[in-house]
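Source file: coords.cif. Holds: mmCIF, C-alpha atoms; chains and numbers go by the auth columns.
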data_data
loop_
_atom_site.group_PDB
_atom_site.id
_atom_site.type_symbol
_atom_site.label_atom_id
_atom_site.label_comp_id
_atom_site.label_asym_id
_atom_site.label_seq_id
_atom_site.Cartn_x
_atom_site.Cartn_y
_atom_site.Cartn_z
_atom_site.B_iso_or_equiv
_atom_site.auth_seq_id
_atom_site.auth_asym_id
ATOM 1 C CA MET A 1 59.222 102.171 120.877 0.00 4 A
ATOM 2 C CA PHE A 2 56.763 104.815 121.954 0.00 5 A
ATOM 3 C CA ALA A 3 58.697 106.309 124.875 0.00 6 A
ATOM 4 C CA ALA A 4 61.908 106.492 122.866 0.00 7 A
ATOM 5 C CA ARG A 5 60.098 108.107 119.924 0.00 8 A
ATOM 6 C CA ILE A 6 58.621 110.745 122.220 0.00 9 A
ATOM 7 C CA ARG A 7 61.964 111.538 123.815 0.00 10 A
ATOM 8 C CA ARG A 8 63.626 111.875 120.411 0.00 11 A
ATOM 9 C CA SER A 9 60.809 114.066 119.112 0.00 12 A
ATOM 10 C CA LEU A 10 60.930 116.350 122.159 0.00 13 A
ATOM 11 C CA LYS A 11 64.672 116.679 121.855 0.00 14 A
ATOM 12 C CA GLN A 12 64.323 117.673 118.231 0.00 15 A
ATOM 13 C CA VAL A 13 61.558 120.192 118.919 0.00 16 A
ATOM 14 C CA LEU A 14 62.931 121.719 122.117 0.00 17 A
ATOM 15 C CA GLY A 15 66.471 121.701 120.757 0.00 18 A
ATOM 16 C CA VAL A 16 65.493 124.505 118.374 0.00 19 A
ATOM 17 C CA THR A 17 66.736 127.814 119.781 0.00 20 A
ATOM 18 C CA ALA A 18 65.442 131.241 119.088 0.00 21 A
ATOM 19 C CA ALA A 19 67.290 133.240 116.465 0.00 22 A
ATOM 20 C CA PRO A 20 69.376 136.202 117.780 0.00 23 A
ATOM 21 C CA SER A 21 66.984 138.603 116.082 0.00 24 A
ATOM 22 C CA ASP A 22 63.980 137.116 117.881 0.00 25 A
ATOM 23 C CA ARG A 23 62.841 139.715 120.393 0.00 26 A
ATOM 24 C CA ARG A 24 60.327 137.403 122.058 0.00 27 A
ATOM 25 C CA PRO A 25 62.274 134.255 123.101 0.00 28 A
ATOM 26 C CA ASP A 26 59.885 133.442 125.938 0.00 29 A
ATOM 27 C CA LEU A 27 56.900 133.326 123.611 0.00 30 A
ATOM 28 C CA ARG A 28 58.889 131.204 121.160 0.00 31 A
ATOM 29 C CA ARG A 29 59.849 128.719 123.889 0.00 32 A
ATOM 30 C CA ALA A 30 56.249 128.549 125.067 0.00 33 A
ATOM 31 C CA SER A 31 55.068 127.820 121.526 0.00 34 A
ATOM 32 C CA LEU A 32 57.654 125.075 121.165 0.00 35 A
ATOM 33 C CA ALA A 33 56.598 123.539 124.492 0.00 36 A
ATOM 34 C CA ILE A 34 52.953 123.488 123.389 0.00 37 A
ATOM 35 C CA ALA A 35 53.967 121.845 120.117 0.00 38 A
ATOM 36 C CA ALA A 36 55.984 119.233 121.997 0.00 39 A
ATOM 37 C CA TRP A 37 53.133 118.251 124.305 0.00 40 A
ATOM 38 C CA THR A 38 50.761 118.139 121.356 0.00 41 A
ATOM 39 C CA MET A 39 53.148 115.661 119.748 0.00 42 A
ATOM 40 C CA VAL A 40 53.074 113.527 122.914 0.00 43 A
ATOM 41 C CA LEU A 41 49.302 113.298 122.797 0.00 44 A
ATOM 42 C CA LEU A 42 49.141 112.631 119.046 0.00 45 A
ATOM 43 C CA LEU A 43 51.755 109.883 119.121 0.00 46 A
ATOM 44 C CA ALA A 44 50.408 108.165 122.205 0.00 47 A
ATOM 45 C CA PRO A 45 48.782 104.774 121.492 0.00 48 A
ATOM 46 C CA PRO A 46 45.042 104.447 122.143 0.00 49 A
ATOM 47 C CA SER A 47 44.419 104.046 125.851 0.00 50 A
ATOM 48 C CA ARG A 48 42.260 101.451 127.546 0.00 51 A
ATOM 49 C CA ALA A 49 40.750 101.300 131.005 0.00 52 A
ATOM 50 C CA GLY A 50 43.534 100.920 133.535 0.00 53 A
ATOM 51 C CA ASP A 51 46.265 102.261 131.237 0.00 54 A
ATOM 52 C CA PRO A 52 48.634 104.782 132.825 0.00 55 A
ATOM 53 C CA ASP A 53 48.829 108.404 131.784 0.00 56 A
ATOM 54 C CA PRO A 54 50.643 108.292 128.394 0.00 57 A
ATOM 55 C CA THR A 55 52.667 111.383 129.243 0.00 58 A
ATOM 56 C CA LYS A 56 53.981 109.703 132.408 0.00 59 A
ATOM 57 C CA ALA A 57 54.760 106.552 130.446 0.00 60 A
ATOM 58 C CA ALA A 58 56.605 108.570 127.812 0.00 61 A
ATOM 59 C CA PHE A 59 58.905 110.263 130.290 0.00 62 A
ATOM 60 C CA SER A 60 59.335 107.448 132.812 0.00 63 A
ATOM 61 C CA SER A 61 62.866 106.238 133.344 0.00 64 A
ATOM 62 C CA GLN A 62 63.699 102.935 131.729 0.00 65 A
ATOM 63 C CA GLY A 63 62.996 100.055 134.071 0.00 66 A
ATOM 64 C CA HIS A 64 64.127 96.474 134.245 0.00 67 A
ATOM 65 C CA ALA A 65 62.858 92.912 134.585 0.00 68 A
ATOM 66 C CA SER A 66 64.521 89.862 136.073 0.00 69 A
ATOM 67 C CA LEU A 67 64.061 86.152 135.404 0.00 70 A
ATOM 68 C CA LEU A 68 66.176 83.465 137.057 0.00 71 A
ATOM 69 C CA GLY A 69 68.975 85.916 137.677 0.00 72 A
ATOM 70 C CA ILE A 70 68.988 87.391 134.167 0.00 73 A
ATOM 71 C CA GLU A 71 68.373 91.140 134.156 0.00 74 A
ATOM 72 C CA GLY A 72 66.729 92.894 131.225 0.00 75 A
ATOM 73 C CA LYS A 73 66.472 96.671 130.793 0.00 76 A
ATOM 74 C CA GLY A 74 63.570 98.367 129.078 0.00 77 A
ATOM 75 C CA THR A 75 59.875 99.146 129.218 0.00 78 A
ATOM 76 C CA LYS A 76 58.443 96.259 127.179 0.00 79 A
ATOM 77 C CA PHE A 77 59.083 92.566 127.884 0.00 80 A
ATOM 78 C CA VAL A 78 57.779 89.421 126.211 0.00 81 A
ATOM 79 C CA TYR A 79 57.905 86.004 127.866 0.00 82 A
ATOM 80 C CA VAL A 80 58.055 83.005 125.505 0.00 83 A
ATOM 81 C CA PHE A 81 57.616 79.762 127.472 0.00 84 A
ATOM 82 C CA ASP A 82 57.611 76.143 126.321 0.00 85 A
ATOM 83 C CA HIS A 83 54.670 74.041 127.587 0.00 86 A
ATOM 84 C CA SER A 84 55.331 70.877 125.572 0.00 87 A
ATOM 85 C CA GLY A 85 54.591 67.450 127.037 0.00 88 A
ATOM 86 C CA SER A 86 58.132 66.986 128.326 0.00 89 A
ATOM 87 C CA MET A 87 57.680 70.038 130.581 0.00 90 A
ATOM 88 C CA GLY A 88 55.362 67.825 132.633 0.00 91 A
ATOM 89 C CA VAL A 89 58.056 65.249 133.451 0.00 92 A
ATOM 90 C CA PRO A 90 58.765 64.401 136.200 0.00 93 A
ATOM 91 C CA GLY A 91 55.662 65.229 138.211 0.00 94 A
ATOM 92 C CA ASN A 92 55.011 68.471 136.303 0.00 95 A
ATOM 93 C CA ARG A 93 57.987 70.013 138.113 0.00 96 A
ATOM 94 C CA PRO A 94 59.533 71.811 135.128 0.00 97 A
ATOM 95 C CA LEU A 95 56.291 73.537 134.124 0.00 98 A
ATOM 96 C CA ASP A 96 55.300 74.339 137.706 0.00 99 A
ATOM 97 C CA ARG A 97 58.677 75.934 138.376 0.00 100 A
ATOM 98 C CA ALA A 98 58.586 77.794 135.066 0.00 101 A
ATOM 99 C CA LYS A 99 55.170 79.249 135.933 0.00 102 A
ATOM 100 C CA LYS A 100 56.378 80.304 139.370 0.00 103 A
ATOM 101 C CA GLU A 101 59.421 82.109 137.955 0.00 104 A
ATOM 102 C CA LEU A 102 57.349 83.730 135.196 0.00 105 A
ATOM 103 C CA LEU A 103 54.780 85.164 137.600 0.00 106 A
ATOM 104 C CA ALA A 104 57.507 86.374 139.975 0.00 107 A
ATOM 105 C CA SER A 105 59.113 88.257 137.094 0.00 108 A
ATOM 106 C CA ILE A 106 55.822 89.858 136.054 0.00 109 A
ATOM 107 C CA ASP A 107 55.023 90.784 139.666 0.00 110 A
ATOM 108 C CA GLY A 108 58.298 92.714 139.733 0.00 111 A
ATOM 109 C CA LEU A 109 57.261 94.991 136.867 0.00 112 A
ATOM 110 C CA ASN A 110 55.855 98.442 137.575 0.00 113 A
ATOM 111 C CA GLU A 111 52.706 99.909 136.043 0.00 114 A
ATOM 112 C CA LEU A 112 54.672 101.978 133.502 0.00 115 A
ATOM 113 C CA GLN A 113 56.142 98.815 131.978 0.00 116 A
ATOM 114 C CA GLN A 114 54.444 96.500 129.501 0.00 117 A
ATOM 115 C CA PHE A 115 54.521 92.755 129.068 0.00 118 A
ATOM 116 C CA TYR A 116 53.132 89.919 126.978 0.00 119 A
ATOM 117 C CA ILE A 117 53.111 86.125 127.379 0.00 120 A
ATOM 118 C CA ILE A 118 53.341 83.428 124.731 0.00 121 A
ATOM 119 C CA PHE A 119 53.207 79.751 125.708 0.00 122 A
ATOM 120 C CA TYR A 120 54.066 77.350 122.930 0.00 123 A
ATOM 121 C CA ASN A 121 54.438 73.719 121.898 0.00 124 A
ATOM 122 C CA GLN A 122 53.953 73.014 118.206 0.00 125 A
ATOM 123 C CA ASP A 123 51.388 75.850 118.327 0.00 126 A
ATOM 124 C CA GLN A 124 51.145 79.093 120.288 0.00 127 A
ATOM 125 C CA LYS A 125 48.861 80.231 123.098 0.00 128 A
ATOM 126 C CA MET A 126 48.883 84.007 123.449 0.00 129 A
ATOM 127 C CA PHE A 127 47.796 86.090 126.410 0.00 130 A
ATOM 128 C CA ARG A 128 44.824 88.190 125.309 0.00 131 A
ATOM 129 C CA ILE A 129 42.827 90.338 127.713 0.00 132 A
ATOM 130 C CA ASP A 130 40.339 91.729 125.202 0.00 133 A
ATOM 131 C CA SER A 131 39.196 91.379 121.611 0.00 134 A
ATOM 132 C CA SER A 132 42.058 93.520 120.286 0.00 135 A
ATOM 133 C CA GLY A 133 44.736 91.137 121.615 0.00 136 A
ATOM 134 C CA GLY A 134 48.128 90.855 120.053 0.00 137 A
ATOM 135 C CA ARG A 135 49.818 93.715 121.852 0.00 138 A
ATOM 136 C CA ALA A 136 51.714 94.196 125.095 0.00 139 A
ATOM 137 C CA ILE A 137 49.726 95.335 128.121 0.00 140 A
ATOM 138 C CA TRP A 138 50.545 97.529 131.101 0.00 141 A
ATOM 139 C CA ALA A 139 51.793 95.778 134.217 0.00 142 A
ATOM 140 C CA ASN A 140 49.097 97.080 136.559 0.00 143 A
ATOM 141 C CA ASP A 141 47.521 94.976 139.318 0.00 144 A
ATOM 142 C CA HIS A 142 44.456 94.081 137.254 0.00 145 A
ATOM 143 C CA ASN A 143 46.475 92.834 134.293 0.00 146 A
ATOM 144 C CA LYS A 144 48.842 90.921 136.566 0.00 147 A
ATOM 145 C CA LYS A 145 45.821 89.126 138.020 0.00 148 A
ATOM 146 C CA LEU A 146 44.632 88.223 134.511 0.00 149 A
ATOM 147 C CA ALA A 147 48.134 87.007 133.671 0.00 150 A
ATOM 148 C CA ARG A 148 48.105 84.699 136.683 0.00 151 A
ATOM 149 C CA GLN A 149 44.780 83.209 135.557 0.00 152 A
ATOM 150 C CA PHE A 150 46.164 82.642 132.063 0.00 153 A
ATOM 151 C CA VAL A 151 49.370 81.037 133.346 0.00 154 A
ATOM 152 C CA ASP A 152 47.440 78.778 135.729 0.00 155 A
ATOM 153 C CA SER A 153 45.378 77.472 132.802 0.00 156 A
ATOM 154 C CA ILE A 154 48.400 76.163 130.880 0.00 157 A
ATOM 155 C CA ALA A 155 49.110 72.413 130.857 0.00 158 A
ATOM 156 C CA ALA A 156 52.060 70.424 129.536 0.00 159 A
ATOM 157 C CA GLU A 157 51.183 68.890 126.179 0.00 160 A
ATOM 158 C CA GLY A 158 52.323 68.495 122.580 0.00 161 A
ATOM 159 C CA GLY A 159 55.637 68.837 120.786 0.00 162 A
ATOM 160 C CA THR A 160 58.145 71.689 120.496 0.00 163 A
ATOM 161 C CA ARG A 161 58.505 74.359 117.803 0.00 164 A
ATOM 162 C CA HIS A 162 60.547 77.405 118.847 0.00 165 A
ATOM 163 C CA ALA A 163 60.748 79.531 115.712 0.00 166 A
ATOM 164 C CA GLU A 164 57.110 80.566 115.277 0.00 167 A
ATOM 165 C CA ALA A 165 56.719 81.604 118.929 0.00 168 A
ATOM 166 C CA ILE A 166 59.935 83.644 118.927 0.00 169 A
ATOM 167 C CA SER A 167 58.891 85.269 115.652 0.00 170 A
ATOM 168 C CA LEU A 168 55.548 86.324 117.144 0.00 171 A
ATOM 169 C CA ALA A 169 57.352 87.813 120.130 0.00 172 A
ATOM 170 C CA LEU A 170 59.765 89.762 117.931 0.00 173 A
ATOM 171 C CA ARG A 171 56.899 91.259 115.926 0.00 174 A
ATOM 172 C CA LEU A 172 55.792 93.032 119.126 0.00 175 A
ATOM 173 C CA HIS A 173 59.133 94.897 119.063 0.00 176 A
ATOM 174 C CA PRO A 174 59.938 94.446 122.759 0.00 177 A
ATOM 175 C CA ASP A 175 63.098 95.619 124.466 0.00 178 A
ATOM 176 C CA VAL A 176 63.708 92.143 125.864 0.00 179 A
ATOM 177 C CA ILE A 177 62.475 88.594 125.286 0.00 180 A
ATOM 178 C CA PHE A 178 62.806 85.895 127.922 0.00 181 A
ATOM 179 C CA GLN A 179 62.517 82.446 126.355 0.00 182 A
ATOM 180 C CA LEU A 180 62.388 79.273 128.436 0.00 183 A
ATOM 181 C CA THR A 181 62.388 75.738 127.042 0.00 184 A
ATOM 182 C CA ASP A 182 63.405 72.171 127.794 0.00 185 A
ATOM 183 C CA GLY A 183 63.814 71.492 124.081 0.00 186 A
ATOM 184 C CA ASP A 184 66.097 68.636 123.056 0.00 187 A
ATOM 185 C CA PRO A 185 68.773 69.033 120.346 0.00 188 A
ATOM 186 C CA ALA A 186 66.288 67.516 117.885 0.00 189 A
ATOM 187 C CA ASP A 187 63.971 70.487 118.556 0.00 190 A
ATOM 188 C CA ASP A 188 66.659 73.119 118.005 0.00 191 A
ATOM 189 C CA LEU A 189 66.290 75.915 115.463 0.00 192 A
ATOM 190 C CA ALA A 190 67.146 75.126 111.863 0.00 193 A
ATOM 191 C CA LYS A 191 69.935 77.172 110.304 0.00 194 A
ATOM 192 C CA ASP A 192 67.544 79.217 108.161 0.00 195 A
ATOM 193 C CA GLU A 193 65.294 79.843 111.181 0.00 196 A
ATOM 194 C CA LEU A 194 68.264 81.171 113.143 0.00 197 A
ATOM 195 C CA GLU A 195 69.164 83.525 110.300 0.00 198 A
ATOM 196 C CA ARG A 196 65.585 84.765 109.903 0.00 199 A
ATOM 197 C CA LEU A 197 65.105 85.378 113.626 0.00 200 A
ATOM 198 C CA GLY A 198 68.451 87.107 113.864 0.00 201 A
ATOM 199 C CA LYS A 199 67.302 89.596 111.226 0.00 202 A
ATOM 200 C CA LEU A 200 63.909 90.082 112.916 0.00 203 A
ATOM 201 C CA ALA A 201 65.533 90.808 116.286 0.00 204 A
ATOM 202 C CA ASP A 202 66.670 94.278 115.136 0.00 205 A
ATOM 203 C CA GLY A 203 67.732 95.544 118.567 0.00 206 A
ATOM 204 C CA THR A 204 65.615 93.247 120.748 0.00 207 A
ATOM 205 C CA ILE A 205 67.619 91.403 123.410 0.00 208 A
ATOM 206 C CA ILE A 206 66.783 87.682 123.531 0.00 209 A
ATOM 207 C CA ASN A 207 67.610 85.789 126.720 0.00 210 A
ATOM 208 C CA VAL A 208 67.311 82.005 126.548 0.00 211 A
ATOM 209 C CA ILE A 209 66.909 79.618 129.491 0.00 212 A
ATOM 210 C CA GLN A 210 67.225 75.922 128.701 0.00 213 A
ATOM 211 C CA ILE A 211 66.088 73.184 131.085 0.00 214 A
ATOM 212 C CA SER A 212 68.565 70.650 129.795 0.00 215 A
ATOM 213 C CA SER A 213 72.133 69.433 129.993 0.00 216 A
ATOM 214 C CA PRO A 214 74.937 71.675 128.660 0.00 217 A
ATOM 215 C CA GLU A 215 76.641 68.586 127.284 0.00 218 A
ATOM 216 C CA ASP A 216 73.613 67.744 125.149 0.00 219 A
ATOM 217 C CA ASN A 217 73.192 71.283 123.826 0.00 220 A
ATOM 218 C CA LYS A 218 76.696 72.718 123.586 0.00 221 A
ATOM 219 C CA ASP A 219 76.127 73.734 119.954 0.00 222 A
ATOM 220 C CA SER A 220 72.546 74.943 120.411 0.00 223 A
ATOM 221 C CA ARG A 221 71.330 77.484 117.847 0.00 224 A
ATOM 222 C CA LEU A 222 69.157 78.972 120.586 0.00 225 A
ATOM 223 C CA MET A 223 72.413 79.786 122.347 0.00 226 A
ATOM 224 C CA ALA A 224 73.679 81.391 119.138 0.00 227 A
ATOM 225 C CA LEU A 225 70.473 83.439 118.837 0.00 228 A
ATOM 226 C CA ALA A 226 70.886 84.796 122.370 0.00 229 A
ATOM 227 C CA GLN A 227 74.520 85.695 121.757 0.00 230 A
ATOM 228 C CA HIS A 228 73.736 87.321 118.400 0.00 231 A
ATOM 229 C CA SER A 229 71.104 89.570 120.018 0.00 232 A
ATOM 230 C CA GLY A 230 73.346 90.560 122.915 0.00 233 A
ATOM 231 C CA GLY A 231 71.370 88.437 125.367 0.00 234 A
ATOM 232 C CA LYS A 232 72.307 85.708 127.805 0.00 235 A
ATOM 233 C CA HIS A 233 71.876 81.945 127.700 0.00 236 A
ATOM 234 C CA ILE A 234 71.798 79.718 130.774 0.00 237 A
ATOM 235 C CA PHE A 235 71.122 76.062 131.559 0.00 238 A
ATOM 236 C CA VAL A 236 68.938 75.208 134.568 0.00 239 A
ATOM 237 C CA ASP A 237 67.627 72.038 136.180 0.00 240 A
ATOM 238 C CA PHE A 238 63.944 72.148 137.090 0.00 241 A
ATOM 239 C CA THR A 239 63.621 68.399 137.667 0.00 242 A
ATOM 240 C CA LYS A 240 64.633 68.785 141.309 0.00 243 A
ATOM 241 C CA ALA A 241 62.971 70.813 144.018 0.00 244 A
ATOM 242 C CA GLU A 242 63.965 74.506 143.956 0.00 245 A
ATOM 243 C CA ASP A 243 67.538 74.075 142.710 0.00 246 A
ATOM 244 C CA LYS A 244 69.529 77.256 142.244 0.00 247 A
ATOM 245 C CA ALA A 245 69.274 78.390 138.649 0.00 248 A
ATOM 246 C CA GLY A 246 71.818 80.002 136.454 0.00 249 A
ATOM 247 C CA GLU A 247 74.963 78.153 137.465 0.00 250 A
ATOM 248 C CA LYS A 248 75.784 77.465 133.818 0.00 251 A
ATOM 249 C CA GLU A 249 75.828 80.771 131.966 0.00 252 A
ATOM 250 C CA HIS A 250 76.999 81.370 128.390 0.00 253 A
#
Serialized structure, structure tokens:
Amino acid sequence: MFAARIRRSLKQVLGVTAAPSDRRPDLRRASLAIAAWTMVLLLAPPSRAGDPDPTKAAFSSQGHASLLGIEGKGTKFVYVFDHSGSMGVPGNRPLDRAKKELLASIDGLNELQQFYIIFYNQDQKMFRIDSSGGRAIWANDHNKKLARQFVDSIAAEGGTRHAEAISLALRLHPDVIFQLTDGDPADDLAKDELERLGKLADGTIINVIQISSPEDNKDSRLMALAQHSGGKHIFVDFTKAEDKAGEKEH
């Protein structure tokens, strides 16, 4: 990730000390500092209107995000949310609650953090704010407003395919993924999908929230994926009005 790369690069550059024979250590340190800041500017991704100062982003302390009681640490977060037809039953409560929790999590991010949203059924709907698309965006007020508009436009429809949506999220190399689904056991990951996603994770923490019964999904491969990545897995009930979430954690 960009911030981590910058910190490592600065450590390597500034960790060089002047040789004992060097009679001008101050000039040497100044030269190294200039080289370090040049590296910051060269490695910074292209900026867009509303993006924060890349040097501030590079040296900002690592933040966190929270969803339904699950805490994630990092600077880049991807939300992967199921919007299949069953998320509309009963009375659209599961999807409405999922949207509410998603937007609350995004609202809690600061402008030096990045996020991305993928809604999925058998296909994927990705949050794009411009023609470039396909990359995480800064959590400033403008982008949060656009995220709300995107989330509001999503309806419950279609079937459920987890693997492709999770794969897309992993290719963004986030610190943390929050996945939410009401998928039945029949929709669970196949064994080869679990293995492939486990390899793609490569340091990304995957937290999984399932709107279903623990008894029906006690051997869920989504649960195994979360555990393999170092993430958490919880069962919640969104069919009732504002129930407490997270009482069944694994």
Rank nothing, just name the residue among A:His145, A:His231, A:Lys102, A:His236 nearest to Asp205 in chain A, using all atoms listed in the file. A:His231
Can you measure CA of Met226 in chain A to CA of Ala139 in chain A for me? One decimal in Å is fine.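 Separation between CA of Met226 in chain A and CA of Ala139 in chain A: 25.4 Å.
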So what do you get for CA of Ala189 in chain A versus CA of Glu104 in chain A, distance-wise?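 Between CA of Ala189 in chain A and CA of Glu104 in chain A the gap works out to 25.7 Å.
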Let me know the residues the PyMOL selection byres ((chain A and resi 185) around 8) catches in the file above, as a ChimeraX atom specification. /A:85,89-90,183-184,186-187,213-215
Please report the interatomic distance between CA of Asp126 in chain A and CA of Ala168 in chain A in Å with one decimal.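 Going from CA of Asp126 in chain A over to CA of Ala168 in chain A, I get 7.9 Å.
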